[in-house]
file protein_28.cif (mmCIF, C-alpha atoms)
data_data
#
loop_
_atom_site.label_atom_id
_atom_site.label_comp_id
_atom_site.auth_asym_id
_atom_site.auth_seq_id
_atom_site.Cartn_x
_atom_site.Cartn_y
_atom_site.Cartn_z
CA MET K 1 0.00 0.00 0.00
CA THR K 2 1.36 3.44 -0.93
CA ARG K 3 1.87 6.14 1.69
CA SER K 4 -0.99 8.20 0.24
CA ALA K 5 -3.35 5.22 0.13
CA ALA K 6 -2.56 4.40 3.75
CA LEU K 7 -3.33 7.96 4.81
CA LEU K 8 -6.60 8.02 2.91
CA LEU K 9 -7.57 4.71 4.55
CA LEU K 10 -6.82 6.28 7.93
CA LEU K 11 -9.09 9.20 7.11
CA ALA K 12 -11.86 6.87 6.00
CA SER K 13 -11.64 5.15 9.38
CA ALA K 14 -12.31 8.54 11.05
CA CYS K 15 -9.04 8.39 12.96
CA VAL K 16 -8.24 12.05 12.32
CA PRO K 17 -9.98 14.53 14.63
CA ALA K 18 -12.33 17.16 13.26
CA GLU K 19 -10.17 19.93 14.70
CA GLY K 20 -6.54 20.21 15.76
CA PRO K 21 -3.10 19.59 14.22
CA MET K 22 -4.21 16.51 12.28
CA MET K 23 -7.49 17.88 10.92
CA ALA K 24 -8.53 17.92 7.25
CA PRO K 25 -5.39 16.64 5.50
CA PHE K 26 -5.11 17.75 1.86
CA GLN K 27 -7.73 20.49 2.23
CA ASP K 28 -6.65 24.08 1.58
CA CYS K 29 -5.79 25.13 5.14
CA LEU K 30 -5.77 28.86 4.43
CA GLY K 31 -9.45 28.75 3.50
CA CYS K 32 -10.02 29.03 7.27
CA HIS K 33 -6.52 29.70 8.64
CA SER K 34 -5.99 33.11 7.02
CA SER K 35 -6.63 36.70 8.02
CA GLY K 36 -10.12 36.49 6.54
CA GLY K 37 -10.94 33.07 8.02
CA ASP K 38 -12.44 31.91 11.29
CA ALA K 39 -9.43 30.03 12.73
CA LYS K 40 -5.87 30.80 13.84
CA THR K 41 -3.94 32.50 11.05
CA TRP K 42 -1.16 30.58 9.29
CA THR K 43 1.12 32.05 6.65
CA VAL K 44 1.93 28.66 5.11
CA ALA K 45 0.17 25.33 5.66
CA GLY K 46 -0.39 22.07 3.83
CA THR K 47 -0.11 18.29 3.82
CA TRP K 48 2.60 16.05 2.42
CA ALA K 49 3.52 12.96 4.47
CA LYS K 50 4.39 11.98 8.03
CA GLY K 51 7.92 13.15 8.81
CA ALA K 52 8.34 15.08 5.55
CA ALA K 53 10.87 17.91 5.85
CA ILE K 54 9.55 21.17 4.40
CA SER K 55 11.83 24.20 4.03
CA ILE K 56 10.46 27.62 3.08
CA THR K 57 12.71 30.52 2.02
CA ASP K 58 11.07 33.92 1.61
CA ALA K 59 11.92 36.91 -0.58
CA ASN K 60 14.26 38.29 2.10
CA GLY K 61 16.21 35.06 2.48
CA LYS K 62 14.51 34.02 5.72
CA THR K 63 14.14 30.24 6.01
CA VAL K 64 11.57 28.33 8.07
CA SER K 65 11.81 24.54 8.50
CA LEU K 66 8.69 22.44 9.15
CA LYS K 67 7.95 18.72 9.53
CA GLY K 68 4.87 16.74 8.57
CA ASN K 69 3.00 15.48 11.65
CA GLU K 70 1.22 12.14 12.06
CA ALA K 71 -1.29 13.13 9.37
CA GLY K 72 1.37 14.75 7.20
CA ASN K 73 0.16 18.27 8.06
CA PHE K 74 2.55 21.20 8.51
CA TYR K 75 1.89 24.87 9.22
CA THR K 76 3.47 28.07 10.48
CA ALA K 77 2.40 31.54 11.59
CA GLU K 78 5.90 32.90 10.96
CA GLY K 79 5.94 36.17 9.04
CA LEU K 80 7.16 35.53 5.48
CA ALA K 81 7.63 37.86 2.53
CA PHE K 82 6.24 36.79 -0.84
CA PRO K 83 7.27 35.32 -3.15
CA PHE K 84 8.92 32.35 -1.46
CA THR K 85 10.37 29.03 -2.56
CA VAL K 86 9.73 25.61 -1.02
CA SER K 87 11.67 22.38 -0.84
CA VAL K 88 10.35 19.01 0.34
CA ASN K 89 12.85 16.45 1.62
CA GLY K 90 15.64 18.47 0.03
CA SER K 91 14.04 18.81 -3.42
CA VAL K 92 13.18 22.37 -4.49
CA MET K 93 9.80 22.84 -6.17
CA ARG K 94 10.41 23.38 -9.89
CA SER K 95 8.28 23.74 -12.99
CA SER K 96 7.66 20.37 -14.64
CA THR K 97 8.06 21.99 -18.06
CA SER K 98 10.91 24.52 -17.74
CA GLY K 99 12.67 23.13 -14.67
CA SER K 100 12.88 26.60 -13.16
CA VAL K 101 12.29 27.20 -9.45
CA ILE K 102 8.68 28.18 -8.76
CA PRO K 103 8.17 31.46 -6.81
CA LEU K 104 5.03 30.98 -4.70
CA THR K 105 2.60 33.79 -3.94
CA TYR K 106 0.07 31.82 -1.86
CA GLY K 107 0.73 29.83 1.31
CA GLY K 108 -2.12 27.29 1.04
CA CYS K 109 -0.08 24.43 -0.40
CA ASN K 110 -3.06 22.06 -0.67
CA ALA K 111 -4.75 24.34 -3.19
CA CYS K 112 -2.52 22.60 -5.75
CA HIS K 113 -1.04 19.60 -3.94
CA HIS K 114 -3.30 16.70 -2.98
CA ALA K 115 -2.01 13.26 -1.96
CA GLU K 116 1.46 14.04 -3.35
CA THR K 117 0.11 15.03 -6.76
CA ILE K 118 -0.54 18.45 -8.26
CA THR K 119 -4.16 19.29 -8.98
CA VAL K 120 -4.67 22.04 -11.54
CA GLY K 121 -7.35 22.98 -14.03
CA PRO K 122 -10.91 24.34 -14.03
CA GLU K 123 -12.09 22.11 -11.17
CA MET K 124 -9.24 22.77 -8.73
CA ALA K 125 -9.64 24.10 -5.17
CA PRO K 126 -13.37 24.99 -5.10
CA GLY K 127 -14.06 27.58 -2.42
CA ALA K 128 -10.45 28.81 -2.20
CA PRO K 129 -9.54 32.41 -3.11
CA CYS K 130 -8.56 32.24 -6.77
CA LEU K 131 -6.80 35.52 -7.55
CA GLY K 132 -3.99 34.98 -5.04
CA CYS K 133 -2.54 32.74 -7.75
CA HIS K 134 -4.59 33.71 -10.81
CA GLY K 135 -4.42 37.49 -10.32
CA PRO K 136 -2.00 39.79 -12.19
CA THR K 137 0.88 39.17 -9.76
CA GLY K 138 0.08 35.54 -8.95
CA MET K 139 2.18 32.50 -9.81
CA ALA K 140 -0.37 30.84 -12.12
CA SER K 141 0.00 31.38 -15.86
CA ALA K 142 -3.77 31.68 -16.35
CA LYS K 143 -4.86 35.18 -15.29
CA PHE K 144 -8.48 35.96 -14.32
CA THR K 145 -10.24 39.24 -13.67
CA ALA K 146 -12.91 37.57 -11.53
CA ALA K 147 -13.31 34.01 -10.26
CA GLY K 148 -15.06 32.06 -7.55
CA THR K 149 -17.23 29.09 -6.62
CA PHE K 150 -21.04 29.07 -6.59
CA PRO K 151 -22.47 25.54 -6.88
CA PRO K 152 -24.40 23.86 -8.34
CA ALA K 153 -23.05 23.37 -11.85
CA GLY K 154 -24.65 25.21 -14.73
CA GLN K 155 -25.46 28.49 -12.98
CA SER K 156 -25.04 31.66 -15.00
CA VAL K 157 -22.67 34.21 -13.45
CA GLN K 158 -22.20 37.80 -14.56
CA VAL K 159 -19.56 40.18 -13.19
CA GLY K 160 -19.66 43.59 -14.82
CA ASN K 161 -19.89 42.92 -18.54
CA ARG K 162 -18.30 39.47 -18.30
CA SER K 163 -20.27 36.24 -18.05
CA ALA K 164 -19.53 32.60 -17.27
CA THR K 165 -21.25 29.37 -16.22
CA THR K 166 -20.32 27.38 -13.11
CA ASN K 167 -18.63 24.06 -13.90
CA ALA K 168 -18.97 20.60 -12.33
CA VAL K 169 -17.58 21.75 -8.95
CA GLY K 170 -19.22 25.19 -9.08
CA ASN K 171 -16.14 27.12 -10.19
CA PHE K 172 -16.26 29.98 -12.68
CA TYR K 173 -13.77 32.53 -13.97
CA VAL K 174 -13.68 35.41 -16.44
CA THR K 175 -11.00 37.45 -18.15
CA GLY K 176 -10.98 40.93 -19.61
CA THR K 177 -11.27 44.38 -18.08
CA ILE K 178 -13.87 44.94 -15.36
CA GLY K 179 -14.33 48.20 -13.47
CA PHE K 180 -14.81 47.51 -9.75
CA PRO K 181 -17.07 47.77 -7.89
CA ALA K 182 -19.14 45.96 -10.50
CA ASN K 183 -22.68 44.65 -10.78
CA ALA K 184 -22.79 40.89 -10.17
CA THR K 185 -25.48 38.24 -10.56
CA VAL K 186 -25.52 34.49 -9.87
CA GLY K 187 -28.32 32.38 -11.30
CA GLY K 188 -30.23 35.57 -12.11
CA ALA K 189 -30.06 36.91 -8.53
CA SER K 190 -28.27 40.23 -8.13
CA MET K 191 -25.62 40.73 -5.48
CA GLN K 192 -26.63 43.58 -3.21
CA GLY K 193 -24.09 46.38 -3.47
CA GLY K 194 -22.24 44.68 -6.30
CA ALA K 195 -18.80 43.05 -6.25
CA PRO K 196 -16.06 45.18 -4.68
CA HIS K 197 -13.34 43.07 -6.35
CA GLY K 198 -12.99 39.95 -8.48
CA ASP K 199 -11.79 37.41 -5.89
CA CYS K 200 -15.30 36.22 -5.00
CA ASN K 201 -14.26 33.39 -2.65
CA GLN K 202 -12.60 35.83 -0.28
CA CYS K 203 -16.11 36.66 0.93
CA HIS K 204 -18.20 33.81 -0.50
CA GLY K 205 -16.24 30.68 0.44
CA GLY K 206 -17.53 27.84 -1.69
CA GLY K 207 -20.71 29.77 -2.42
CA ARG K 208 -21.91 29.32 1.17
CA ASN K 209 -22.82 32.99 1.34
CA GLY K 210 -23.95 33.16 -2.26
CA GLY K 211 -27.48 34.22 -1.39
CA GLU K 212 -26.45 37.07 0.86
#

call {"tool": "encode", "arguments": {"input": "protein_28.cif", "output": "C-alpha cells"}}
result
Amino acid sequence: MTRSAALLLLLASACVPAEGPMMAPFQDCLGCHSSGGDAKTWTVAGTWAKGAAISITDANGKTVSLKGNEAGNFYTAEGLAFPFTVSVNGSVMRSSTSGSVIPLTYGGCNACHHAETITVGPEMAPGAPCLGCHGPTGMASAKFTAAGTFPPAGQSVQVGNRSATTNAVGNFYVTGTIGFPANATVGGASMQGGAPHGDCNQCHGGGRNGGE
C-alpha cells in the first residue's frame, strides 16, 4: 500500500480529529486559517507525508523549516515575505516543463497539492480564493479578472460585462477588463451592493454565502 493510500484509509476510518493539528489533510488550510478566516492565522500550511521535511525561504532570504506530523500536516504563523520558494525532503519545487524554481505567492499548499500530486485545471480548489494565484501578480500562468465558486453546476454568473457558467464543482472565472465595484449576478439573482473586487471566494467561500 502506498503512503498516500494508507493515509486516505486512515481518514476513511475517522481516525483524524475534526479539529486540531491533524485535521482535514489535503484540504486548503488557508481557507479558514488566514486573516479572513475563522481560525488561527497561518502564513503557510499544507499536507505532504508523516515526517516530511519542508523548508520555506522567503523573498528576504529568511528560512523556516517544518515537519509533517502524524497526518502529514505542517503549518506556520511565521511572518514571510512573498514570493517564497519551497523544498520538500531536500528537493526544491520546480516547474515540470521549464525546470525553473517556482516562486510561490500563496501559502495554502493544498490548493494545488493533494495526496502528493498536483491538482490544476478548471475544477481545482473549489471555495479557495482564486486571484492569489490567478491574479495579475500571482504565480499561475492563467490570469483571471474575476473568479469564484457558486455551486451547483450550470449556474449563470455575470460580473460587470463578463459572463460565465459554473462548472462541475461550481467554479467559474472570467478574463478581460472589469471596473470595480461591478454589478454581479448568480443564477439571475443580483448581489446587493455589487462586487467590490474579483476574488469572489474571499467573501463567498464555496458559495456558502452566495445568497447574501

call {"tool": "atom_distance", "arguments": {"input": "protein_28.cif", "atom1": "CA of Thr145 (chain K)", "atom2": "CA of Gly194 (chain K)"}}
result
15.1 Å

call {"tool": "residues_around", "arguments": {"input": "protein_28.cif", "residues": "Thr137 (chain K)", "least_positions_apart": "4", "cutoff": "12 Å", "atoms": "all atoms listed in the file", "output": "ChimeraX atom specification"}}
result
/K:82-83,103-106,131-133,141-145

call {"tool": "resolve_selection", "arguments": {"input": "protein_28.cif", "expression": "the PyMOL selection byres ((chain K and resi 48) around 8)", "output": "PyMOL selection string"}}
result
chain K and resi 26+46-47+49-50+52+68+72-74+115-116

call {"tool": "closest_residue", "arguments": {"input": "protein_28.cif", "among": "K:Gly51, K:Gly138, K:Gly90, K:Gly79", "to": "Ile102 (chain K)", "atoms": "all atoms listed in the file"}}
result
K:Gly138

call {"tool": "closest_residue", "arguments": {"input": "protein_28.cif", "among": "K:Leu30, K:Met93, K:Ala39, K:Gly135", "to": "His197 (chain K)", "atoms": "all atoms listed in the file"}}
result
K:Gly135

call {"tool": "closest_residue", "arguments": {"input": "protein_28.cif", "among": "K:Thr76, K:Ser55, K:Thr63, K:Thr149", "to": "Gly170 (chain K)", "atoms": "all atoms listed in the file"}}
result
K:Thr149

call {"tool": "residues_around", "arguments": {"input": "protein_28.cif", "residues": "Glu78 (chain K)", "least_positions_apart": "2", "cutoff": "9 Å", "atoms": "all atoms listed in the file", "output": "ChimeraX atom specification"}}
result
/K:42-44,64,76,80

call {"tool": "write_last_selection", "arguments": {"input": "protein_28.cif", "atoms": "C-alpha atoms", "output": "JSON list (two decimals), in the coordinates of the input"}}
result
[["chain", "number", "residue", "atom", "x", "y", "z"],
["K", 42, "TRP", "CA", -1.16, 30.58, 9.29],
["K", 43, "THR", "CA", 1.12, 32.05, 6.65],
["K", 44, "VAL", "CA", 1.93, 28.66, 5.11],
["K", 64, "VAL", "CA", 11.57, 28.33, 8.07],
["K", 76, "THR", "CA", 3.47, 28.07, 10.48],
["K", 80, "LEU", "CA", 7.16, 35.53, 5.48]]

call {"tool": "resolve_selection", "arguments": {"input": "protein_28.cif", "expression": "the PyMOL selection byres ((chain K and resi 182) around 12)", "output": "list in words"}}
result
Thr145, Ala146, Gln158, Val159, Gly160, Asn161, Arg162, Thr177, Ile178, Gly179, Phe180, Pro181, Asn183, Ala184, Thr185, Ser190, Met191, Gln192, Gly193, Gly194, Ala195, Pro196, His197, Gly198 and Cys200 of chain K

call {"tool": "write_last_selection", "arguments": {"input": "protein_28.cif", "atoms": "C-alpha atoms", "output": "PDB file, in the frame of the given file"}}
result
ATOM      1  CA  THR K 145     -10.240  39.240 -13.670  1.00  0.00           C
ATOM      2  CA  ALA K 146     -12.910  37.570 -11.530  1.00  0.00           C
ATOM      3  CA  GLN K 158     -22.200  37.800 -14.560  1.00  0.00           C
ATOM      4  CA  VAL K 159     -19.560  40.180 -13.190  1.00  0.00           C
ATOM      5  CA  GLY K 160     -19.660  43.590 -14.820  1.00  0.00           C
ATOM      6  CA  ASN K 161     -19.890  42.920 -18.540  1.00  0.00           C
ATOM      7  CA  ARG K 162     -18.300  39.470 -18.300  1.00  0.00           C
ATOM      8  CA  THR K 177     -11.270  44.380 -18.080  1.00  0.00           C
ATOM      9  CA  ILE K 178     -13.870  44.940 -15.360  1.00  0.00           C
ATOM     10  CA  GLY K 179     -14.330  48.200 -13.470  1.00  0.00           C
ATOM     11  CA  PHE K 180     -14.810  47.510  -9.750  1.00  0.00           C
ATOM     12  CA  PRO K 181     -17.070  47.770  -7.890  1.00  0.00           C
ATOM     13  CA  ASN K 183     -22.680  44.650 -10.780  1.00  0.00           C
ATOM     14  CA  ALA K 184     -22.790  40.890 -10.170  1.00  0.00           C
ATOM     15  CA  THR K 185     -25.480  38.240 -10.560  1.00  0.00           C
ATOM     16  CA  SER K 190     -28.270  40.230  -8.130  1.00  0.00           C
ATOM     17  CA  MET K 191     -25.620  40.730  -5.480  1.00  0.00           C
ATOM     18  CA  GLN K 192     -26.630  43.580  -3.210  1.00  0.00           C
ATOM     19  CA  GLY K 193     -24.090  46.380  -3.470  1.00  0.00           C
ATOM     20  CA  GLY K 194     -22.240  44.680  -6.300  1.00  0.00           C
ATOM     21  CA  ALA K 195     -18.800  43.050  -6.250  1.00  0.00           C
ATOM     22  CA  PRO K 196     -16.060  45.180  -4.680  1.00  0.00           C
ATOM     23  CA  HIS K 197     -13.340  43.070  -6.350  1.00  0.00           C
ATOM     24  CA  GLY K 198     -12.990  39.950  -8.480  1.00  0.00           C
ATOM     25  CA  CYS K 200     -15.300  36.220  -5.000  1.00  0.00           C
TER      26      CYS K 200
END

call {"tool": "closest_residue", "arguments": {"input": "protein_28.cif", "among": "K:His114, K:Lys62, K:Arg94, K:Lys67", "to": "Ala24 (chain K)", "atoms": "all atoms listed in the file"}}
result
K:His114

call {"tool": "atom_distance", "arguments": {"input": "protein_28.cif", "atom1": "CA of Pro126 (chain K)", "atom2": "CA of Gly99 (chain K)"}}
result
27.8 Å

call {"tool": "residues_around", "arguments": {"input": "protein_28.cif", "residues": "Ser35 (chain K)", "least_positions_apart": "6", "cutoff": "12 Å", "atoms": "all atoms listed in the file", "output": "MDAnalysis selection string"}}
result
chainID K and resid 29 41:43 77 202:203

call {"tool": "resolve_selection", "arguments": {"input": "protein_28.cif", "expression": "the PyMOL selection byres ((chain K and resi 109) around 7)", "output": "VMD selection string"}}
result
chain K and resid 28 45 to 46 107 to 108 110 to 113

call {"tool": "write_last_selection", "arguments": {"input": "protein_28.cif", "atoms": "C-alpha atoms", "output": "short mmCIF file (atom, residue, chain, number, x, y, z; two decimals), in the coordinates of the input"}}
result
data_model
loop_
_atom_site.label_atom_id
_atom_site.label_comp_id
_atom_site.auth_asym_id
_atom_site.auth_seq_id
_atom_site.Cartn_x
_atom_site.Cartn_y
_atom_site.Cartn_z
CA ASP K 28 -6.65 24.08 1.58
CA ALA K 45 0.17 25.33 5.66
CA GLY K 46 -0.39 22.07 3.83
CA GLY K 107 0.73 29.83 1.31
CA GLY K 108 -2.12 27.29 1.04
CA ASN K 110 -3.06 22.06 -0.67
CA ALA K 111 -4.75 24.34 -3.19
CA CYS K 112 -2.52 22.60 -5.75
CA HIS K 113 -1.04 19.60 -3.94
#

call {"tool": "atom_distance", "arguments": {"input": "protein_28.cif", "atom1": "CA of Phe150 (chain K)", "atom2": "CA of Glu19 (chain K)"}}
result
25.6 Å
